[in-house]
Every structure is written in structure tokens, then in C-alpha cells.
Amino acid sequence: MIIGLTGSIASGKSTVAKMMSELGLPIVDADVVARDVVEPGTETLALIAESFGQAILLEDGNLNRTMLGDIIFHEPAKRKTLNDIMHPAIRKEMLRQRDAYLEAGHEHVVMDIPLLFESKLQHFVERIIVVSVSEEVQLRRLMERNNLSKEDALARMHSQLPMSVKEKGAHAVIYNNENIESTEEQLKKILHYWDVI
């Protein structure tokens, strides 16, 4: 089974991914893939440099993420250009990793995709687990974790689809408002029910 794992910022999705990994499930992590596809020497990085200029590269050949972030933050057209380069590369690499795990004999693979619904990638997976959290808990965690003001934290939260929309699209929801034991218990129940563990 290909399981999609998603949530929202500060919902605790990474914690659940770690639990799944500890249960022996292979994880394809979209955030890690997004970093890997722009390593020095990759075709994706060459395309970004071609579109945004060589100044976008640091002296060691790595991508200057801060500079690129500043550019796309202020210019929607440039953000689209970047997404048009990045998204196909990320999707291709995620599918490559997924298939490699299956070929290696794994019965189940977890695809950890923060923006699963926003990017309309539901067709990549067979079942979807959403890690959900109340807005109050999410706001508090995000402000603490990223040292943000309430306004900045809310702006980040509201840039994503509401949790209620994600929950509707899920096959199972883990409510991560309480302690880690409660979260793990919910995860194991779901995985047992699906005959994954």
C-alpha cells in the first residue's frame, strides 16, 4: 500500500513520519527530495541558474536559498517559473524512490507530502493519513517553534488549505492535540486496521 502522509504547518506530521519510520516503513520525504534535486551538479539547479542568473549560486556551487526566496516572495511570475522547474523534478524523484522501495521488496511505502492536497498529488497514493491539530495548538506551536509573532504565524497557517478541508480528503485522521503517546496509539490503530503492521 502507498500511504500518503500530510498535515499542516506545526501539526506534528514530522513526528508521525518518524514513528512510521521506527515501525519499519520506508519514507519518501518531499521536503528532503526538494533539497536533493537542487544539489550542485543537478539538472534542476542548472535550470534554476539559467532562469534566475548565476548570481543565484553561492561560491561553493550551492543554491542561495535566501536570495531565491527573496526574489520569488515579491514576484509571483518568478515564483511560477521556479515551481515549473521544481515540481516536475520533485515528483519524478519521489516516484523513483517509491518504485525503488517497492522493487526492493517493501510491501508498503509512506509518501510524506506536506502539500499533498495543495499540489493535487492524491493520485500518487492509495490511502491518506492527515495529522490534524486545533488552530489554537497549531498557533502556539508555530509561534514557539519558529519564534514568530501571532500575525506572522497566522499568515503562514492561512497560506495553506484549512485543516477541515484536508480532513475531508483523508482516509484516516490523527488528532495531535494531546501527548505523543496518544498520537502513537492512533497511528498504530490505523496501521493495524489497514493490515500494514
# chains A, B, ... in the order shown; residues from 1 in each chain; ligands from 1
$ select_by_dssp --residues "chain A" --states "strand (DSSP E)" --output "compact mmCIF listing (two decimals) with C-alpha atoms, in the first residue's frame"
# COMPACT_ATOMS: atom_id res chain seq x y z
CA ILE A 2 1.19 3.51 -0.82
CA ILE A 3 0.26 5.72 2.13
CA GLY A 4 0.20 9.50 1.79
CA LEU A 5 1.05 11.35 4.99
CA THR A 6 0.17 15.02 5.22
CA ILE A 27 9.51 7.04 3.87
CA VAL A 28 9.75 9.17 0.74
CA ASP A 29 10.02 12.71 2.15
CA VAL A 109 5.69 2.89 1.28
CA VAL A 110 4.88 6.18 3.03
CA MET A 111 4.95 9.33 0.92
CA ASP A 112 5.39 12.28 3.28
CA ARG A 127 -4.64 5.94 1.32
CA ILE A 128 -4.19 9.29 3.03
CA ILE A 129 -3.46 9.98 6.70
CA VAL A 130 -3.90 13.59 7.80
CA VAL A 131 -2.20 14.75 11.00
CA SER A 132 -4.60 17.33 12.38
CA ALA A 172 -7.81 8.47 8.42
CA VAL A 173 -7.10 11.41 10.72
CA ILE A 174 -4.67 11.52 13.64
CA TYR A 175 -5.57 14.21 16.16
$ residues_around --residues "range 36-46 of chain A" --least-positions-apart "4" --cutoff "7 Å" --atoms "only C-alpha atoms" --output "NGL selection string"
:A and (32 or 50 or 61-62 or 85-86 or 89-90)
$ residues_around --residues "Ile48 in chain A" --least-positions-apart "6" --cutoff "10 Å" --atoms "only C-alpha atoms" --output "list of chain:residue names"
A:Val38, A:Gln54, A:Ile56, A:Leu57, A:Leu63, A:Leu68, A:Thr81, A:Leu82, A:Ile85, A:Met86
$ atom_distance --atom1 "CA of Glu107 in chain A" --atom2 "CA of Asn176 in chain A"
26.8 Å
$ atom_distance --atom1 "CA of Gln186 in chain A" --atom2 "CA of Ala170 in chain A"
14.4 Å
$ closest_residue --among "A:Met20, A:Val125, A:Met67, A:Leu47" --to "Glu185 in chain A" --atoms "only C-alpha atoms"
A:Met20
$ closest_residue --among "A:Lys78, A:Lys18, A:Arg35, A:Lys120" --to "Leu161 in chain A" --atoms "only C-alpha atoms"
A:Lys120
$ closest_residue --among "A:His108, A:Glu103, A:Arg98, A:Pro76" --to "Leu191 in chain A" --atoms "only C-alpha atoms"
A:His108
$ atom_distance --atom1 "CA of His87 in chain A" --atom2 "CA of Ala34 in chain A"
8.5 Å
$ decode --residues "range 19-164 of chain A" --atoms "C-alpha atoms" --output "short mmCIF file (atom, residue, chain, number, x, y, z; two decimals), in the first residue's frame"
data_model
loop_
_atom_site.label_atom_id
_atom_site.label_comp_id
_atom_site.auth_asym_id
_atom_site.auth_seq_id
_atom_site.Cartn_x
_atom_site.Cartn_y
_atom_site.Cartn_z
CA MET A 19 7.07 6.96 14.25
CA MET A 20 6.25 5.29 10.93
CA SER A 21 9.93 5.02 10.11
CA GLU A 22 10.59 3.44 13.53
CA LEU A 23 7.87 0.88 12.71
CA GLY A 24 9.99 -0.11 9.71
CA LEU A 25 8.07 1.70 6.98
CA PRO A 26 10.16 3.31 4.25
CA ILE A 27 9.51 7.04 3.87
CA VAL A 28 9.75 9.17 0.74
CA ASP A 29 10.02 12.71 2.15
CA ALA A 30 9.01 15.50 -0.26
CA ASP A 31 11.00 18.11 1.72
CA VAL A 32 14.19 16.05 1.55
CA VAL A 33 13.62 15.38 -2.17
CA ALA A 34 13.11 19.13 -2.77
CA ARG A 35 16.59 19.75 -1.29
CA ASP A 36 18.20 16.81 -3.13
CA VAL A 37 17.02 17.86 -6.60
CA VAL A 38 18.88 21.20 -6.33
CA GLU A 39 22.22 19.79 -5.16
CA PRO A 40 25.24 21.08 -7.13
CA GLY A 41 25.56 19.25 -10.45
CA THR A 42 21.84 18.50 -10.82
CA GLU A 43 19.89 19.39 -13.95
CA THR A 44 17.32 21.21 -11.79
CA LEU A 45 19.94 23.55 -10.30
CA ALA A 46 21.32 24.26 -13.79
CA LEU A 47 17.80 25.20 -14.98
CA ILE A 48 17.28 27.49 -11.98
CA ALA A 49 20.63 29.25 -12.63
CA GLU A 50 19.67 29.60 -16.31
CA SER A 51 16.32 31.20 -15.39
CA PHE A 52 17.42 33.37 -12.47
CA GLY A 53 21.08 34.07 -13.33
CA GLN A 54 24.36 32.69 -11.96
CA ALA A 55 24.14 35.14 -9.03
CA ILE A 56 21.62 32.73 -7.52
CA LEU A 57 24.53 30.34 -6.78
CA LEU A 58 26.81 30.55 -3.77
CA GLU A 59 30.60 30.38 -4.22
CA ASP A 60 30.58 26.65 -3.41
CA GLY A 61 28.03 25.98 -6.17
CA ASN A 62 25.06 25.52 -3.82
CA LEU A 63 21.77 27.32 -4.31
CA ASN A 64 21.46 30.64 -2.48
CA ARG A 65 18.06 29.84 -0.97
CA THR A 66 17.77 33.17 0.85
CA MET A 67 18.28 35.19 -2.32
CA LEU A 68 15.93 32.97 -4.32
CA GLY A 69 13.32 33.19 -1.55
CA ASP A 70 13.50 37.00 -1.61
CA ILE A 71 13.03 37.08 -5.39
CA ILE A 72 10.03 34.74 -5.56
CA PHE A 73 8.40 36.20 -2.47
CA HIS A 74 7.96 39.55 -4.20
CA GLU A 75 7.35 38.37 -7.77
CA PRO A 76 4.54 35.86 -8.40
CA ALA A 77 5.63 35.33 -12.03
CA LYS A 78 9.13 34.31 -10.88
CA ARG A 79 7.59 32.03 -8.22
CA LYS A 80 5.66 30.31 -11.01
CA THR A 81 8.87 29.94 -13.06
CA LEU A 82 10.58 28.30 -10.08
CA ASN A 83 7.62 25.99 -9.38
CA ASP A 84 7.52 24.97 -13.06
CA ILE A 85 11.16 23.85 -12.74
CA MET A 86 10.99 22.34 -9.26
CA HIS A 87 7.67 20.48 -9.18
CA PRO A 88 8.28 18.07 -12.09
CA ALA A 89 11.77 17.29 -10.76
CA ILE A 90 10.45 16.64 -7.23
CA ARG A 91 7.59 14.45 -8.49
CA LYS A 92 9.88 12.42 -10.74
CA GLU A 93 12.36 11.77 -7.91
CA MET A 94 9.61 10.90 -5.41
CA LEU A 95 8.16 8.33 -7.81
CA ARG A 96 11.66 6.97 -8.48
CA GLN A 97 12.22 6.46 -4.73
CA ARG A 98 8.77 4.94 -4.24
CA ASP A 99 9.35 2.45 -7.06
CA ALA A 100 12.83 1.61 -5.76
CA TYR A 101 11.35 0.68 -2.34
CA LEU A 102 8.70 -1.48 -3.99
CA GLU A 103 11.28 -3.21 -6.19
CA ALA A 104 13.41 -3.83 -3.08
CA GLY A 105 10.50 -5.85 -1.70
CA HIS A 106 8.77 -3.38 0.61
CA GLU A 107 5.02 -4.00 0.69
CA HIS A 108 4.17 -0.53 1.95
CA VAL A 109 5.69 2.89 1.28
CA VAL A 110 4.88 6.18 3.03
CA MET A 111 4.95 9.33 0.92
CA ASP A 112 5.39 12.28 3.28
CA ILE A 113 3.98 15.22 1.29
CA PRO A 114 3.25 18.41 3.27
CA LEU A 115 1.27 19.99 0.42
CA LEU A 116 -0.43 16.79 -0.78
CA PHE A 117 -3.81 18.45 -1.32
CA GLU A 118 -2.49 21.86 -2.36
CA SER A 119 -0.36 20.20 -5.06
CA LYS A 120 -3.18 17.81 -6.02
CA LEU A 121 -1.00 14.71 -5.61
CA GLN A 122 -3.68 12.42 -4.19
CA HIS A 123 -3.25 10.15 -7.25
CA PHE A 124 0.31 9.34 -6.04
CA VAL A 125 -1.08 7.37 -3.08
CA GLU A 126 -3.75 4.80 -2.20
CA ARG A 127 -4.64 5.94 1.32
CA ILE A 128 -4.19 9.29 3.03
CA ILE A 129 -3.46 9.98 6.70
CA VAL A 130 -3.90 13.59 7.80
CA VAL A 131 -2.20 14.75 11.00
CA SER A 132 -4.60 17.33 12.38
CA VAL A 133 -4.41 19.80 15.21
CA SER A 134 -6.68 22.52 16.58
CA GLU A 135 -5.94 26.05 15.40
CA GLU A 136 -5.08 27.15 18.96
CA VAL A 137 -2.49 24.37 19.40
CA GLN A 138 -1.13 24.94 15.88
CA LEU A 139 -0.72 28.66 16.51
CA ARG A 140 1.00 28.15 19.85
CA ARG A 141 3.41 25.51 18.48
CA LEU A 142 4.26 27.55 15.42
CA MET A 143 4.96 30.72 17.42
CA GLU A 144 7.15 28.76 19.86
CA ARG A 145 8.95 26.66 17.25
CA ASN A 146 9.71 29.41 14.73
CA ASN A 147 9.82 32.33 17.17
CA LEU A 148 7.08 34.13 15.23
CA SER A 149 4.63 36.86 16.14
CA LYS A 150 0.98 35.89 16.23
CA GLU A 151 0.37 37.76 12.93
CA ASP A 152 3.25 36.02 11.11
CA ALA A 153 2.21 32.61 12.42
CA LEU A 154 -1.41 33.14 11.35
CA ALA A 155 -0.28 34.31 7.89
CA ARG A 156 1.67 31.07 7.43
CA MET A 157 -1.23 28.96 8.67
CA HIS A 158 -3.70 30.70 6.37
CA SER A 159 -1.45 30.21 3.33
CA GLN A 160 -2.36 26.50 3.46
CA LEU A 161 -5.69 24.76 3.00
CA PRO A 162 -7.76 24.68 6.21
CA MET A 163 -7.39 21.51 8.32
CA SER A 164 -11.12 20.80 7.89
#
